[in-house]
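upload_36.txt, holding compact mmCIF, C-alpha atoms:
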# COMPACT_ATOMS: atom_id res chain seq x y z
CA MET A 1416 89.94 70.61 127.61
CA SER A 1417 90.66 68.44 124.60
CA ARG A 1418 93.49 69.19 122.22
CA LEU A 1419 91.38 69.46 119.10
CA PRO A 1420 89.87 72.87 119.86
CA HIS A 1421 93.37 74.11 120.59
CA ALA A 1422 94.53 72.73 117.27
CA GLY A 1423 91.66 74.44 115.53
CA LEU A 1424 92.46 77.79 117.10
CA LEU A 1425 96.09 77.37 116.20
CA LEU A 1426 95.18 76.60 112.62
CA LEU A 1427 92.96 79.64 112.55
CA GLY A 1428 95.81 81.84 113.59
CA LEU A 1429 98.31 80.25 111.29
CA LEU A 1430 96.12 80.64 108.24
CA VAL A 1431 95.80 84.37 108.65
CA PRO A 1432 97.98 85.99 106.00
CA ARG A 1433 101.11 87.35 107.66
CA ARG A 1434 102.25 90.86 107.04
CA GLY A 1435 105.37 90.97 104.95
CA MET A 1436 105.14 87.33 103.86
CA PRO A 1437 104.39 86.36 100.28
CA GLN A 1438 100.89 84.97 99.76
CA SER A 1439 100.98 82.35 97.10
CA VAL A 1440 98.47 79.94 95.70
CA GLY A 1441 100.67 77.02 96.59
CA GLY A 1442 99.68 76.70 100.18
CA SER A 1443 102.58 78.57 101.71
CA VAL A 1444 100.33 80.60 103.91
CA GLY A 1445 102.12 80.17 107.16
CA ILE A 1446 100.89 76.70 108.02
CA ASP A 1447 103.19 75.20 110.60
CA ALA A 1448 104.03 71.70 109.47
CA ASN A 1449 105.40 70.74 112.85
CA VAL A 1450 102.08 71.36 114.51
CA ILE A 1451 99.30 70.45 112.16
CA GLY A 1452 100.88 68.74 109.22
CA GLN A 1453 101.16 70.16 105.76
CA ALA A 1454 98.42 71.55 103.61
CA LEU A 1455 97.26 70.15 100.33
CA THR A 1456 96.43 72.55 97.53
CA VAL A 1457 95.06 71.84 94.09
CA THR A 1458 94.97 74.94 91.95
CA THR A 1459 93.34 75.30 88.56
CA LEU A 1460 95.81 77.28 86.49
CA SER A 1461 93.81 77.41 83.28
CA ASN A 1462 90.60 75.98 81.89
CA LEU A 1463 90.46 73.91 78.74
CA ASN A 1464 89.69 76.43 76.01
CA PHE A 1465 89.13 75.57 72.35
CA GLY A 1466 88.19 79.12 71.39
CA SER A 1467 86.26 79.46 68.13
CA VAL A 1468 86.00 76.21 66.21
CA PRO A 1469 84.94 75.59 62.57
CA ARG A 1470 81.73 73.65 61.94
CA GLY A 1471 82.09 70.16 60.51
CA VAL A 1472 85.77 69.84 61.42
CA ALA A 1473 87.17 68.12 64.49
CA THR A 1474 89.35 70.43 66.56
CA THR A 1475 91.96 69.12 68.98
CA VAL A 1476 93.68 70.95 71.77
CA GLN A 1477 96.82 69.04 72.74
CA PRO A 1478 97.81 68.97 76.41
CA THR A 1479 100.93 70.86 75.34
CA ALA A 1480 98.93 73.67 73.72
CA ALA A 1481 98.19 77.05 75.23
CA GLY A 1482 94.47 76.24 75.44
CA ALA A 1483 94.99 73.10 77.54
CA GLY A 1484 93.54 72.82 81.01
CA ALA A 1485 96.17 72.89 83.73
CA TRP A 1486 96.43 72.27 87.44
CA GLN A 1487 99.11 72.58 90.08
CA ILE A 1488 99.08 70.20 93.04
CA GLN A 1489 101.11 70.98 96.14
CA GLY A 1490 101.47 68.77 99.18
CA SER A 1491 103.97 66.76 101.16
CA LYS A 1492 107.27 66.16 99.45
CA ASN A 1493 107.58 62.84 97.63
CA ALA A 1494 104.03 61.83 98.53
CA ASP A 1495 101.99 59.77 96.10
CA VAL A 1496 98.71 61.12 94.78
CA SER A 1497 96.26 59.54 92.41
CA MET A 1498 94.78 61.59 89.59
CA ALA A 1499 91.42 60.61 88.13
CA PHE A 1500 89.00 62.41 85.85
CA VAL A 1501 85.28 62.62 85.29
CA LEU A 1502 85.03 63.59 81.64
CA PRO A 1503 82.04 64.84 79.67
CA ALA A 1504 80.96 63.10 76.46
CA VAL A 1505 79.05 66.10 75.11
CA LEU A 1506 79.14 69.83 75.62
CA THR A 1507 76.01 71.93 75.85
CA ASN A 1508 75.25 75.16 74.07
CA ILE A 1509 74.26 77.47 76.88
CA GLN A 1510 72.84 80.10 74.52
CA ALA A 1511 70.69 77.97 72.25
CA LEU A 1512 67.56 75.98 73.00
CA PRO A 1513 68.02 72.77 75.00
CA GLY A 1514 69.35 69.91 72.91
CA SER A 1515 72.15 71.77 71.16
CA THR A 1516 75.19 69.69 71.98
CA MET A 1517 78.66 68.91 70.65
CA PRO A 1518 80.63 65.66 71.16
CA ILE A 1519 83.96 65.79 72.95
CA SER A 1520 86.46 62.96 73.25
CA PHE A 1521 89.74 62.22 74.97
CA GLY A 1522 92.53 59.99 73.75
CA ALA A 1523 95.32 57.86 75.18
CA THR A 1524 97.68 60.83 75.37
CA SER A 1525 95.23 63.62 76.12
CA ALA A 1526 96.65 64.22 79.58
CA ARG A 1527 100.14 64.78 80.92
CA TRP A 1528 101.68 65.11 84.34
CA ASN A 1529 105.06 66.28 85.49
CA ARG A 1530 106.77 66.02 88.83
CA ALA A 1531 108.09 69.19 90.45
CA THR A 1532 108.37 71.44 87.41
CA ASN A 1533 105.86 73.37 85.33
CA ASN A 1534 107.12 72.04 82.01
CA VAL A 1535 104.59 70.27 79.85
CA ALA A 1536 107.15 69.38 77.17
CA GLY A 1537 108.91 67.00 79.53
CA ALA A 1538 105.74 65.64 81.10
CA THR A 1539 104.48 62.05 81.07
CA ALA A 1540 101.52 61.39 78.80
CA PHE A 1541 98.61 59.28 80.02
CA ASN A 1542 95.04 58.44 79.22
CA PRO A 1543 92.75 60.63 81.35
CA ILE A 1544 90.06 57.97 81.17
CA ALA A 1545 92.39 55.57 83.01
CA GLY A 1546 93.94 58.15 85.34
CA ALA A 1547 97.44 58.01 86.78
CA THR A 1548 99.40 57.94 90.00
CA GLY A 1549 102.10 60.57 90.48
CA LYS A 1550 104.65 61.52 93.05
CA LEU A 1551 104.99 65.03 94.38
CA GLY A 1552 108.36 66.65 93.94
CA PRO A 1553 111.25 66.83 96.39
CA PRO A 1554 111.39 69.37 99.25
CA ALA A 1555 112.31 72.34 97.08
CA ASN A 1556 109.43 71.72 94.67
CA PRO A 1557 106.72 69.52 96.21
CA PHE A 1558 104.48 69.89 93.16
CA ILE A 1559 102.76 67.93 90.47
CA TYR A 1560 101.63 69.73 87.34
CA LEU A 1561 98.79 68.28 85.34
CA TRP A 1562 97.49 69.13 81.85
CA ILE A 1563 94.55 67.97 79.77
CA GLY A 1564 93.49 68.45 76.16
CA GLY A 1565 90.74 66.91 74.05
CA THR A 1566 88.94 66.84 70.72
CA VAL A 1567 85.59 68.40 69.88
CA SER A 1568 83.69 67.28 66.79
CA PRO A 1569 81.09 69.87 65.82
CA ALA A 1570 78.64 68.79 63.13
CA ALA A 1571 78.31 70.85 59.98
CA ALA A 1572 74.93 72.04 61.19
CA THR A 1573 76.11 72.98 64.65
CA LYS A 1574 74.20 75.94 66.03
CA PRO A 1575 76.30 79.00 66.87
CA GLY A 1576 76.91 79.91 70.47
CA VAL A 1577 78.96 78.97 73.48
CA TYR A 1578 79.41 75.25 74.22
CA THR A 1579 80.66 74.31 77.61
CA GLY A 1580 80.94 71.47 80.11
CA THR A 1581 82.85 70.51 83.20
CA ILE A 1582 85.90 68.33 83.69
CA ILE A 1583 86.28 67.08 87.24
CA VAL A 1584 89.73 66.11 88.41
CA THR A 1585 89.98 64.06 91.59
CA ILE A 1586 93.22 64.21 93.52
CA ALA A 1587 93.52 61.64 96.27
CA TYR A 1588 96.26 61.86 98.85
CA LEU A 1589 97.58 58.33 99.31
CA MET B 154 67.04 86.11 82.00
CA LYS B 155 69.50 84.17 84.10
CA ALA B 156 70.87 82.29 81.10
CA THR B 157 71.19 85.48 79.12
CA GLY B 158 73.14 87.06 81.92
CA LEU B 159 75.43 84.05 82.11
CA ALA B 160 76.05 84.11 78.38
CA LEU B 161 76.80 87.82 78.45
CA GLY B 162 79.14 87.22 81.29
CA LEU B 163 80.91 84.53 79.32
CA LEU B 164 81.22 86.62 76.23
CA CYS B 165 82.28 89.81 77.92
CA GLY B 166 84.33 88.40 80.75
CA ALA B 167 88.02 88.69 81.36
CA ALA B 168 90.24 86.89 78.88
CA LEU B 169 92.38 85.09 81.43
CA LEU B 170 91.40 82.74 84.18
CA ALA B 171 92.66 83.69 87.60
CA ALA B 172 94.17 80.73 89.43
CA GLN B 173 91.46 78.86 91.31
CA GLY B 174 92.06 76.59 94.22
CA VAL B 175 91.71 76.14 97.89
CA VAL B 176 94.28 75.30 100.54
CA ILE B 177 93.21 72.34 102.64
CA ALA B 178 94.78 71.69 106.02
CA PRO B 179 95.52 69.26 107.43
CA HIS B 180 95.77 66.59 104.75
CA ALA B 181 94.78 63.87 107.22
CA VAL B 182 92.28 64.19 110.05
CA PHE B 183 92.55 62.11 113.22
CA ILE B 184 89.48 62.03 115.45
CA ASP B 185 89.65 60.78 119.00
CA ALA B 186 86.65 58.87 120.36
CA ARG B 187 86.69 61.05 123.47
CA THR B 188 85.97 64.23 121.51
CA ARG B 189 84.31 62.72 118.43
CA SER B 190 85.09 65.83 116.46
CA GLY B 191 87.65 67.22 114.10
CA ALA B 192 88.17 70.17 111.84
CA VAL B 193 89.45 70.96 108.38
CA LEU B 194 90.44 74.45 107.41
CA LEU B 195 90.00 75.85 103.95
CA TYR B 196 91.74 78.96 102.74
CA ASN B 197 91.05 80.68 99.45
CA PRO B 198 94.20 82.52 98.36
CA ASN B 199 92.68 83.77 95.13
CA THR B 200 90.71 86.78 93.98
CA GLU B 201 87.55 84.85 93.12
CA PRO B 202 85.21 83.06 95.52
CA VAL B 203 85.32 79.25 95.55
CA GLU B 204 82.24 77.07 95.98
CA VAL B 205 82.98 74.03 98.13
CA ALA B 206 80.99 70.84 98.74
CA VAL B 207 82.01 68.16 101.24
CA SER B 208 81.15 64.45 101.39
CA PHE B 209 82.50 61.13 102.71
CA PHE B 210 83.07 57.68 101.29
CA PHE B 211 84.81 54.53 102.49
CA GLY B 212 88.07 53.75 100.77
CA TYR B 213 91.75 53.25 101.34
CA PRO B 214 94.99 53.15 99.35
CA ALA B 215 95.76 49.85 97.70
CA THR B 216 97.97 48.78 94.81
CA ASP B 217 97.03 47.69 91.31
CA SER B 218 98.74 44.92 89.36
CA ALA B 219 101.58 47.28 88.36
CA GLY B 220 102.27 48.29 91.94
CA ARG B 221 100.76 51.73 91.54
CA ILE B 222 99.05 53.04 94.64
CA VAL B 223 95.41 53.93 94.06
CA VAL B 224 92.43 54.61 96.27
CA ASP B 225 90.05 51.67 96.40
CA SER B 226 86.58 53.02 97.00
CA ILE B 227 84.11 50.64 98.58
CA ARG B 228 80.59 51.68 97.67
CA ARG B 229 78.82 49.36 100.07
CA PRO B 230 81.08 48.39 102.96
CA ASP B 231 79.86 45.32 104.80
CA SER B 232 79.32 45.06 108.52
CA THR B 233 82.84 43.78 109.15
CA SER B 234 84.58 46.69 107.44
CA VAL B 235 86.15 49.45 109.45
CA SER B 236 84.23 52.16 107.66
CA ALA B 237 83.46 55.40 109.45
CA ALA B 238 81.90 56.94 106.35
CA GLY B 239 78.37 56.12 107.43
CA TRP B 240 78.55 57.91 110.75
CA LEU B 241 80.71 60.91 110.05
CA GLN B 242 79.10 64.24 109.28
CA ALA B 243 80.54 67.51 108.02
CA PHE B 244 79.23 70.95 108.92
CA PRO B 245 78.65 72.75 106.66
CA ARG B 246 78.46 70.45 103.68
CA ARG B 247 78.26 73.32 101.20
CA LEU B 248 79.88 76.69 101.50
CA THR B 249 81.47 79.52 99.58
CA VAL B 250 84.94 80.64 100.59
CA PRO B 251 85.37 84.32 99.72
CA PRO B 252 88.69 85.57 98.33
CA LEU B 253 91.53 85.64 100.84
CA GLU B 254 89.31 84.20 103.58
CA ARG B 255 89.24 80.96 105.50
CA GLN B 256 86.43 78.67 106.55
CA THR B 257 86.35 75.78 108.98
CA ILE B 258 84.56 72.53 108.28
CA ARG B 259 83.66 70.71 111.47
CA LEU B 260 83.61 66.93 111.43
CA LEU B 261 81.39 65.13 113.91
CA ALA B 262 81.38 61.39 114.57
CA THR B 263 78.31 59.54 115.84
CA PRO B 264 79.50 55.93 115.90
CA PRO B 265 77.16 53.07 116.70
CA ALA B 266 76.89 51.92 120.30
CA GLY B 267 79.28 49.17 121.30
CA LEU B 268 81.85 50.00 118.65
CA ALA B 269 84.94 47.86 119.24
CA ASP B 270 88.30 49.43 119.97
CA GLY B 271 90.31 50.23 116.89
CA GLU B 272 90.71 52.65 114.04
CA TYR B 273 87.93 53.36 111.56
CA TRP B 274 88.49 54.99 108.19
CA ALA B 275 86.77 57.26 105.74
CA ARG B 276 87.80 59.54 102.93
CA LEU B 277 86.73 63.16 102.91
CA VAL B 278 85.96 64.59 99.49
CA ILE B 279 86.30 68.34 99.13
CA SER B 280 84.96 69.61 95.81
CA ALA B 281 86.02 73.12 94.85
CA LYS B 282 84.72 75.07 91.92
CA GLY B 283 85.63 78.58 90.89
CA GLY B 284 83.04 81.06 89.71
CA GLN B 285 84.37 81.76 86.24
CA LEU B 286 83.70 79.96 83.00
CA PRO B 287 86.39 79.99 80.38
CA VAL B 288 84.89 81.13 77.12
CA THR B 289 85.51 84.79 76.52
CA GLY B 290 85.62 87.30 73.70
CA VAL B 291 83.35 89.73 71.94
CA ALA B 292 79.74 88.84 71.29
CA ASP B 293 79.46 87.19 67.87
CA THR B 294 76.28 85.26 67.39
CA ALA B 295 77.52 83.46 64.27
CA ARG B 296 80.52 81.73 65.80
CA VAL B 297 80.87 78.46 67.65
CA LYS B 298 82.93 78.78 70.80
CA VAL B 299 83.99 75.96 73.07
CA GLY B 300 85.45 75.94 76.56
CA LEU B 301 85.34 73.69 79.59
CA THR B 302 85.39 74.52 83.25
CA LEU B 303 87.67 72.51 85.51
CA GLU B 304 86.43 71.39 88.90
CA VAL B 305 88.69 69.94 91.57
CA ARG B 306 87.91 67.20 94.05
CA THR B 307 90.50 66.61 96.73
CA ILE B 308 90.39 63.44 98.83
CA ILE B 309 92.03 63.18 102.23
CA GLY B 310 91.97 60.49 104.90
CA VAL B 311 89.90 60.62 108.09
CA TYR B 312 90.83 58.29 110.96
CA TYR B 313 88.58 57.71 113.97
CA ARG B 314 90.39 56.11 116.88
CA LYS B 315 88.66 54.42 119.79
CA GLY B 316 90.33 52.85 122.78
CA ALA B 317 93.58 50.95 122.43
CA VAL B 318 94.95 51.23 118.91
CA ARG B 319 98.13 49.65 117.66
CA THR B 320 99.77 49.19 114.32
CA GLY B 321 102.62 47.42 112.64
CA VAL B 322 103.63 46.09 109.27
CA ALA B 323 104.96 42.80 107.93
CA LEU B 324 107.40 42.96 105.04
CA SER B 325 108.10 40.15 102.57
CA GLY B 326 108.82 39.37 98.95
CA LEU B 327 111.35 42.11 98.33
CA ARG B 328 112.53 41.93 94.73
CA THR B 329 114.11 44.22 92.15
CA ALA B 330 114.57 44.68 88.41
CA VAL B 331 116.64 47.10 86.38
CA VAL B 332 114.27 49.07 84.15
CA GLY B 333 116.04 51.55 81.90
CA ASP B 334 118.00 53.96 84.08
CA SER B 335 116.09 52.95 87.22
CA LEU B 336 116.02 50.12 89.69
CA ALA B 337 112.43 49.09 90.30
CA LEU B 338 111.61 47.39 93.57
CA TRP B 339 108.54 45.67 94.87
CA ALA B 340 107.67 44.47 98.34
CA ARG B 341 104.62 42.88 99.92
CA VAL B 342 103.53 44.81 102.99
CA THR B 343 100.73 43.78 105.30
CA GLN B 344 99.20 45.88 108.03
CA GLN B 345 99.20 44.48 111.56
CA GLY B 346 97.13 45.45 114.58
CA ASN B 347 93.87 47.39 114.50
CA ALA B 348 95.01 50.64 112.89
CA ALA B 349 96.51 51.68 109.58
CA TYR B 350 100.27 51.71 109.31
CA ILE B 351 101.24 55.30 108.53
CA GLY B 352 104.93 55.63 107.90
CA THR B 353 107.78 56.09 105.48
CA ALA B 354 109.31 53.71 102.97
CA HIS B 355 113.04 54.06 102.54
CA ALA B 356 115.30 52.30 100.04
CA VAL B 357 119.07 52.52 99.64
CA LEU B 358 121.25 50.95 96.97
CA THR B 359 124.87 50.41 97.98
CA ASP B 360 127.93 48.96 96.31
CA SER B 361 130.24 46.31 97.74
CA THR B 362 132.04 48.91 99.89
CA GLY B 363 128.81 50.13 101.42
CA LYS B 364 128.82 53.38 99.49
CA THR B 365 125.33 54.75 98.81
CA LEU B 366 124.60 54.93 95.08
CA SER B 367 120.95 55.84 95.16
CA GLU B 368 118.28 56.46 97.79
CA MET B 369 114.55 57.20 97.97
CA LYS B 370 112.03 58.04 100.67
CA ALA B 371 108.28 58.10 100.27
CA PRO B 372 105.32 58.34 102.63
CA ILE B 373 103.27 55.16 102.83
CA GLY B 374 99.95 54.10 104.33
CA VAL B 375 99.25 50.40 104.65
CA TYR B 376 95.62 49.55 105.34
CA TYR B 377 95.49 45.85 104.48
CA THR B 378 97.99 44.16 102.14
CA MET B 379 99.61 45.89 99.22
CA GLU B 380 102.57 45.46 96.89
CA PRO B 381 103.85 48.92 96.02
CA ARG B 382 106.45 49.53 93.35
CA TYR B 383 109.18 52.09 93.87
CA ALA B 384 112.00 53.21 91.63
CA LEU B 385 115.52 54.43 92.31
CA VAL B 386 117.35 56.36 89.64
CA ILE B 387 120.64 54.54 89.08
CA GLY B 388 121.79 55.83 85.71
CA ALA B 389 124.34 53.64 83.97
CA LEU B 390 125.34 51.23 86.70
CA ALA B 391 128.51 49.23 86.11
CA PRO B 392 128.07 45.45 85.97
CA GLY B 393 128.49 43.88 89.38
CA ARG B 394 126.80 43.03 92.63
CA TYR B 395 125.02 45.58 94.74
CA ARG B 396 122.74 45.51 97.76
CA LEU B 397 119.34 47.06 98.13
CA ARG B 398 118.16 47.79 101.66
CA PHE B 399 114.50 48.55 102.19
CA ASP B 400 112.90 49.63 105.45
CA LEU B 401 109.61 50.90 106.77
CA SER B 402 109.36 53.16 109.80
CA THR B 403 106.59 55.18 111.40
CA GLY B 404 108.40 58.49 111.22
CA ARG B 405 106.58 61.03 109.08
CA GLU B 406 107.75 64.58 108.48
CA ASP B 407 104.33 65.74 107.31
CA LEU B 408 102.36 64.64 110.38
CA ALA B 409 102.61 65.64 114.00
CA PRO B 410 104.51 62.89 115.86
CA GLU B 411 101.74 62.40 118.41
CA LEU B 412 99.32 61.51 115.61
CA VAL B 413 101.48 58.75 114.19
CA LEU B 414 101.18 55.40 115.97
CA PRO B 415 104.65 54.11 116.80
CA SER B 416 105.87 50.73 115.68
CA PRO B 417 109.34 49.17 115.43
CA PRO B 418 110.95 49.56 112.01
CA VAL B 419 111.04 46.58 109.68
CA ARG B 420 113.84 45.90 107.24
CA ASP B 421 114.85 43.61 104.46
CA SER B 422 117.56 43.57 101.84
CA VAL B 423 118.37 41.77 98.61
CA GLU B 424 121.33 41.44 96.35
CA VAL B 425 121.09 43.22 93.02
CA ARG B 426 123.08 41.82 90.10
CA VAL B 427 123.73 44.01 87.12
CA PRO B 428 124.98 41.92 84.17
Now that the file is in, can you turn its structure into structure tokens?
Amino acid sequence: MSRLPHAGLLLLGLLVPRRGMPQSVGGSVGIDANVIGQALTVTTLSNLNFGSVPRGVATTVQPTAAGAGAWQIQGSKNADVSMAFVLPAVLTNIQALPGSTMPISFGATSARWNRATNNVAGATAFNPIAGATGKLGPPANPFIYLWIGGTVSPAAATKPGVYTGTIIVTIAYL
Amino acid sequence: MKATGLALGLLCGAALLAAQGVVIAPHAVFIDARTRSGAVLLYNPNTEPVEVAVSFFFGYPATDSAGRIVVDSIRRPDSTSVSAAGWLQAFPRRLTVPPLERQTIRLLATPPAGLADGEYWARLVISAKGGQLPVTGVADTARVKVGLTLEVRTIIGVYYRKGAVRTGVALSGLRTAVVGDSLALWARVTQQGNAAYIGTAHAVLTDSTGKTLSEMKAPIGVYYTMEPRYALVIGALAPGRYRLRFDLSTGREDLAPELVLPSPPVRDSVEVRVP
């Protein structure tokens, strides 16, 4: 019998939450690194939320603001990961008739990343259009934290309603 | 009706987003030609279901002009490339992982007949999307509300090994520069053999007595030739002569030893002068 089915069964057992062990988002779910290697977890901590915006006035959410989108990446200590984005150019009003849109843009410092600690103030700014390469933290904190903001520019005649879109973040293990 | 329901859900939904994400294990999949199959496990540790889609492409880590490691994606690999993306399949390709449950994605290889011995590469893309949209609050038809959903794509390596596989790395062009409070180092590394070099880069800065002043370790994968840049934090180093030792070895703490192809370590060193 080949080893792979065994490995699969072992993984199956290891991924079952263990009684009495903390179950966190960060991938510490009892995966035995000595047997199968470590897990990789990308967790969306918060979506990018502009809230209510005034018509005819550009509104910016900085990556340091409470409304910024945020992710936590956990993987092998000190490993390099690349971070790239697919960004929308317009948002769509999901309540109005088709064609009701709002421009959104991203600048040279609209994104930030920080190694190991969840502290946006000390994070490195980068252009989300260009992406970045980061290094996961040391053994005690093998994390990267990632934030994104942006600017919406509603026209004065913008129809009321909820405007939304999707930001795709691609995390590649290098 | 569907759109109305969605809008109502947005406007009346919970104010806070629960953390969304999926645990992916392992972070590299090695498939043996004798079994032609592999598996990836997904675990959803959250309270909301996660929609997952799976696909493949051909790509590998390379370095840009600044020495940053990035994934080069090759849209149309030619016949000489070692791409496995065209003959790997995932089952299922779309799935929903319920809260606190796990799902297995099976990988099946159907390589062309007469495939030469060696290692063939692909990248597995796992797209995960939570079920909640972000805009919340009371229904107010006069206001303009804006929120964006974040979707995550995670890319991991898939390695198909057939027959005799061997690896190694050639190291050259080691050089350094003091940049602020760090010592930057670059080296040219070239993969040898017919498989990727999966190992660890290790750098140590010592003074004239051999005392270690700074050290770094980082996982590395060398697929062709690359010139990665690393940095050691040195703080305010006193003027003088130091030595930087740089080595590559196939030991990896994050991978099972039997998955890592062995190869003798390679080393180089250079003198570092701080004026």
Please list as a PyMOL selection string every residue within 12 Å of Tyr350 (chain B), counting only C-alpha atoms and excluding residues in the same chain fewer than 5 positions away.
chain B and resi 213-214+272+312+318-323+342-345+372-379+401-405+412-419
Print the selection's residues with C-alpha atoms to a file, as an mmCIF file, in the coordinates of the input.
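Resulting contents of selection_7.cif:
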data_model
loop_
_atom_site.group_PDB
_atom_site.id
_atom_site.type_symbol
_atom_site.label_atom_id
_atom_site.label_comp_id
_atom_site.auth_asym_id
_atom_site.auth_seq_id
_atom_site.Cartn_x
_atom_site.Cartn_y
_atom_site.Cartn_z
ATOM 1 C CA TYR B 213 91.750 53.250 101.340
ATOM 2 C CA PRO B 214 94.990 53.150 99.350
ATOM 3 C CA GLU B 272 90.710 52.650 114.040
ATOM 4 C CA TYR B 312 90.830 58.290 110.960
ATOM 5 C CA VAL B 318 94.950 51.230 118.910
ATOM 6 C CA ARG B 319 98.130 49.650 117.660
ATOM 7 C CA THR B 320 99.770 49.190 114.320
ATOM 8 C CA GLY B 321 102.620 47.420 112.640
ATOM 9 C CA VAL B 322 103.630 46.090 109.270
ATOM 10 C CA ALA B 323 104.960 42.800 107.930
ATOM 11 C CA VAL B 342 103.530 44.810 102.990
ATOM 12 C CA THR B 343 100.730 43.780 105.300
ATOM 13 C CA GLN B 344 99.200 45.880 108.030
ATOM 14 C CA GLN B 345 99.200 44.480 111.560
ATOM 15 C CA PRO B 372 105.320 58.340 102.630
ATOM 16 C CA ILE B 373 103.270 55.160 102.830
ATOM 17 C CA GLY B 374 99.950 54.100 104.330
ATOM 18 C CA VAL B 375 99.250 50.400 104.650
ATOM 19 C CA TYR B 376 95.620 49.550 105.340
ATOM 20 C CA TYR B 377 95.490 45.850 104.480
ATOM 21 C CA THR B 378 97.990 44.160 102.140
ATOM 22 C CA MET B 379 99.610 45.890 99.220
ATOM 23 C CA LEU B 401 109.610 50.900 106.770
ATOM 24 C CA SER B 402 109.360 53.160 109.800
ATOM 25 C CA THR B 403 106.590 55.180 111.400
ATOM 26 C CA GLY B 404 108.400 58.490 111.220
ATOM 27 C CA ARG B 405 106.580 61.030 109.080
ATOM 28 C CA LEU B 412 99.320 61.510 115.610
ATOM 29 C CA VAL B 413 101.480 58.750 114.190
ATOM 30 C CA LEU B 414 101.180 55.400 115.970
ATOM 31 C CA PRO B 415 104.650 54.110 116.800
ATOM 32 C CA SER B 416 105.870 50.730 115.680
ATOM 33 C CA PRO B 417 109.340 49.170 115.430
ATOM 34 C CA PRO B 418 110.950 49.560 112.010
ATOM 35 C CA VAL B 419 111.040 46.580 109.680
#
Can you check which residues of chain A have any atom within 6 Å of chain B? Use all atoms listed in the file and format it as number ranges by chain.
A: 1440, 1442, 1449-1450, 1452-1468, 1493-1494, 1497, 1575-1589
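Minimum atom-to-atom distance to Leu268 (chain B), evaluated using all atoms listed in the file, belongs to B:Ala186 out of B:Ala186, B:Ala384, B:Leu366, B:Ala330.
Look at Pro1543 (chain A): the protein and nucleic acid residues within 7 Å of it, using only C-alpha atoms and passing over chain neighbours fewer than 5 places away, are Ala1499, Phe1500, Ser1525 and Ala1526 of chain A.
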Produce a table with one row for each residue of region 328-358 of chain B that has an atom at most 12 Å from any atom of region 231-237 of chain B, each row naming the nearest atom pair and its distance in Å at one decimal; use all atoms listed in the file; arrange rows by chain and rising residue number; format as CSV.
residue,atom,partner,partner_atom,distance
B:Asn347,CA,B:Val235,CA,9.5
B:Ala348,CA,B:Val235,CA,9.6
B:Ala349,CA,B:Val235,CA,10.6
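You will find CA of Thr359 (chain B) at 6.5 Å from CA of Leu397 (chain B).
The spacing separating CA of Pro392 (chain B) from CA of Arg420 (chain B) amounts to 25.6 Å.
Computed from the coordinates, the CA of Gln242 (chain B) to CA of Ala269 (chain B) distance equals 20.0 Å.
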Please determine, counting all atoms listed in the file, which residue among A:Ala1504, A:Ile1563, A:Ala1545, A:Ala1555 has the shortest atom-to-atom distance to Met1517 (chain A).
A:Ala1504
